[in-house]
Amino acid sequence: GFINTLDKMAVWRTELLLVIIGLLGYVLVNAQGLNEDPKPEVIHEWVSLEFDWESQEQRERYINSSLYINENCCLAGIKYWKNNTYVTVPRWRRGVPFTLAILVQDPASNGTLLKPFPNVECQDLSVSDSPMIRYVQSMEIDSQGRMWIIDVGRLNIFDSVPPTNGPAHLYIYDLNTNTFVRNYTFPDSVVPHNNSFLNDIVIDQVNGFAFISSTWGNGSIIVYDYNSNSSWSFHSGYMNVDYTTTPIPINGGLYSLNAPEDGIALTADVQTLYFCPLTGIHLYSIPTIFLRNWSNYSDEERQAAVFTHGVKGYSDGLAFSNNGNLYFGSNSENAVKGWRIVGSHDNLTSNDDSVFVVNENKETSQWIDTFAFDNEGSLFYVSNKLQLYYNYTMDFSGRSGSNFRIWKLWINGNSYLEGVPKHDDDNHRDIFWFVVGGVIIGIVILVAVVAAGVFGYLFYYKKKDGHEYS
């Protein structure tokens, strides 16, 4: 009868209880995970950089001819495209065999190697001291898969020997067809061939412009017009070295890296360009229309258009995500920070809640250099202890841990090149998942209530009839 049915139901009451506990645990764990900030992870690291050589003989030949001096190789630029990571090794000093590379896995050691990109020949100093590509500091990859490559043109600008001078270039390399589609030589009047250092680049692919920071002399921003294949230079006094902020304090040491304009970042709507000197703690911006429409404005109008956003601290590279966050290093704090910008005249000190710490570690996050995006929601960045490299005090023995790291962090945002996101779609997506989560929790609670009722009913009959239902 009914009691026998209850007897059978009681057999699986323990199993049902375990299932309910499991479901509740799953919901609680995932709900807790949603409330936690994602943590950055190191995906590549090196004590010293190692390259993907064609043979051991090639490696030995480069070493014997001083074309490969391991301690002179420093990781700097990074960009990501279709599951490939591209990096730069600036030819700041002698002994950098290859200056532009793609990361590959070493099947023997399972380590990460730097393979010359796009090939050895176009950047090989063993054949000529004037190969096609001499020294790449940074690059950007647009939404069409074209890599815009900055070739500084000069060699050994941070070495004990006099630098080798030459013209700077902008190369555009199509990653889809593996061909160079543009080779632009900057005129000496815009980028002096014996007195320049092109540093970082952002692209306005809506209007066809590139903006490049020049970190030499008093600093400047180089504007390149793709459509007219021409360039010009803009200087503001805010780009100068701020000697009141030097030396830079890092981990108890004081470092004098006196350099002007360095960091540069473009908003997703391509309307505002942010910039900062390396030796300085303030952040500035200018509407890009004053740089694009060069002949329409006087220099006085351009200078008046520069806006000061307040103090951000010492930083190198800058990068905007398409959801309006500006990411930058805070190198005196060994940290990466973000700034949620709402308006073009926001001030860094006006709302402390708008600035957030992404990562902070005095050992593993020394000197944040360059940023990149995978356009699947994650941010990449390089830490390279540049203050130690610059002062010849970097430890290549391994006793101080890795010197160069590539980090990855989920930010739920993409590159500024993706354009401003459609917030309505994002809101609809958030509402959808909120409803789904509510339904799941509701089902779990309903099952728990029903189970409690069944157990209570069993307990009642157990007491009433003197039976044990187990």
# chains A, B, ... in the order shown; residues from 1 in each chain; ligands from 1
call {"tool": "select_by_dssp", "arguments": {"residues": "region 224-358 of chain A", "states": "strand (DSSP E)", "output": "number ranges by chain"}}
result
A: 224-225, 230-234, 248-250, 253-255, 261-266, 272-277, 282-287, 307-311, 318-320, 325-330, 335-340, 355-358
call {"tool": "residues_around", "arguments": {"residues": "region 339-342 of chain A", "least_positions_apart": "4", "cutoff": "10 Å", "atoms": "only C-alpha atoms", "output": "PyMOL selection string"}}
result
chain A and resi 267+312+320+323-328+346-348+351-357
call {"tool": "residues_around", "arguments": {"residues": "Arg292 (chain A)", "least_positions_apart": "3", "cutoff": "10 Å", "atoms": "only C-alpha atoms", "output": "MDAnalysis selection string"}}
result
chainID A and resid 204 207:211 223:225 232 287:289 295:297
call {"tool": "atom_distance", "arguments": {"atom1": "CA of Gln303 (chain A)", "atom2": "CA of Tyr238 (chain A)"}}
result
9.6 Å
call {"tool": "atom_distance", "arguments": {"atom1": "CA of Glu376 (chain A)", "atom2": "CA of Val47 (chain A)"}}
result
28.9 Å
call {"tool": "closest_residue", "arguments": {"among": "A:Asn70, A:Asn240, A:Thr370, A:Asn110", "to": "Gly329 (chain A)", "atoms": "only C-alpha atoms"}}
result
A:Thr370
call {"tool": "residues_around", "arguments": {"residues": "region 48-61 of chain A", "least_positions_apart": "2", "cutoff": "6 Å", "atoms": "only C-alpha atoms", "output": "list of chain:residue names"}}
result
A:Trp46, A:Ile63, A:Asn64, A:Leu113, A:Leu114, A:Lys115
call {"tool": "residues_around", "arguments": {"residues": "Pro192 (chain A)", "least_positions_apart": "6", "cutoff": "9 Å", "atoms": "only C-alpha atoms", "output": "ChimeraX atom specification"}}
result
/A:166-168,186
call {"tool": "write_last_selection", "arguments": {"atoms": "N, CA, C and O atoms", "output": "PDB file, in the first residue's frame"}}
result
ATOM      1  N   GLY A 166      70.087  55.945 -39.062  1.00  0.00           N
ATOM      2  CA  GLY A 166      69.409  55.615 -40.318  1.00  0.00           C
ATOM      3  C   GLY A 166      67.972  56.079 -40.264  1.00  0.00           C
ATOM      4  O   GLY A 166      67.461  56.455 -39.204  1.00  0.00           O
ATOM      5  N   PRO A 167      67.298  56.085 -41.396  1.00  0.00           N
ATOM      6  CA  PRO A 167      65.918  56.567 -41.455  1.00  0.00           C
ATOM      7  C   PRO A 167      64.943  55.599 -40.795  1.00  0.00           C
ATOM      8  O   PRO A 167      65.127  54.377 -40.824  1.00  0.00           O
ATOM      9  N   ALA A 168      63.911  56.161 -40.185  1.00  0.00           N
ATOM     10  CA  ALA A 168      62.831  55.351 -39.603  1.00  0.00           C
ATOM     11  C   ALA A 168      61.832  54.978 -40.685  1.00  0.00           C
ATOM     12  O   ALA A 168      61.630  55.718 -41.661  1.00  0.00           O
ATOM     13  N   PHE A 186      60.091  57.728 -43.181  1.00  0.00           N
ATOM     14  CA  PHE A 186      59.818  59.037 -42.601  1.00  0.00           C
ATOM     15  C   PHE A 186      60.886  60.031 -43.040  1.00  0.00           C
ATOM     16  O   PHE A 186      62.086  59.741 -42.947  1.00  0.00           O
TER      17      PHE A 186
END
call {"tool": "residues_around", "arguments": {"residues": "Asn165 (chain A)", "least_positions_apart": "5", "cutoff": "8 Å", "atoms": "only C-alpha atoms", "output": "PyMOL selection string"}}
result
chain A and resi 153-155+193-194
call {"tool": "residues_around", "arguments": {"residues": "Asn403 (chain A)", "least_positions_apart": "6", "cutoff": "12 Å", "atoms": "only C-alpha atoms", "output": "MDAnalysis selection string"}}
result
chainID A and resid 44:49 71 73:76 363:368 382:389 393:397
call {"tool": "closest_residue", "arguments": {"among": "A:Asp142, A:Asp299, A:Asp151, A:Asp106", "to": "Cys122 (chain A)", "atoms": "only C-alpha atoms"}}
result
A:Asp151
call {"tool": "closest_residue", "arguments": {"among": "A:Gly280, A:Gly237, A:Gly111, A:Gly377", "to": "Ile43 (chain A)", "atoms": "only C-alpha atoms"}}
result
A:Gly111
call {"tool": "select_by_dssp", "arguments": {"residues": "region 34-128 of chain A", "states": "helix (DSSP H, G or I)", "output": "JSON, numbers by chain"}}
result
{"A": [34, 35, 56, 57, 58, 59, 60, 61, 62, 63, 64, 70, 71, 72, 121, 122, 123]}
call {"tool": "closest_residue", "arguments": {"among": "A:Tyr243, A:Trp216, A:Phe307, A:Trp410", "to": "Asp262 (chain A)", "atoms": "only C-alpha atoms"}}
result
A:Trp216
call {"tool": "atom_distance", "arguments": {"atom1": "CA of Val270 (chain A)", "atom2": "CA of Gly343 (chain A)"}}
result
13.8 Å
call {"tool": "closest_residue", "arguments": {"among": "A:Ile248, A:Leu257, A:Leu103, A:Leu417", "to": "Ala319 (chain A)", "atoms": "only C-alpha atoms"}}
result
A:Leu417
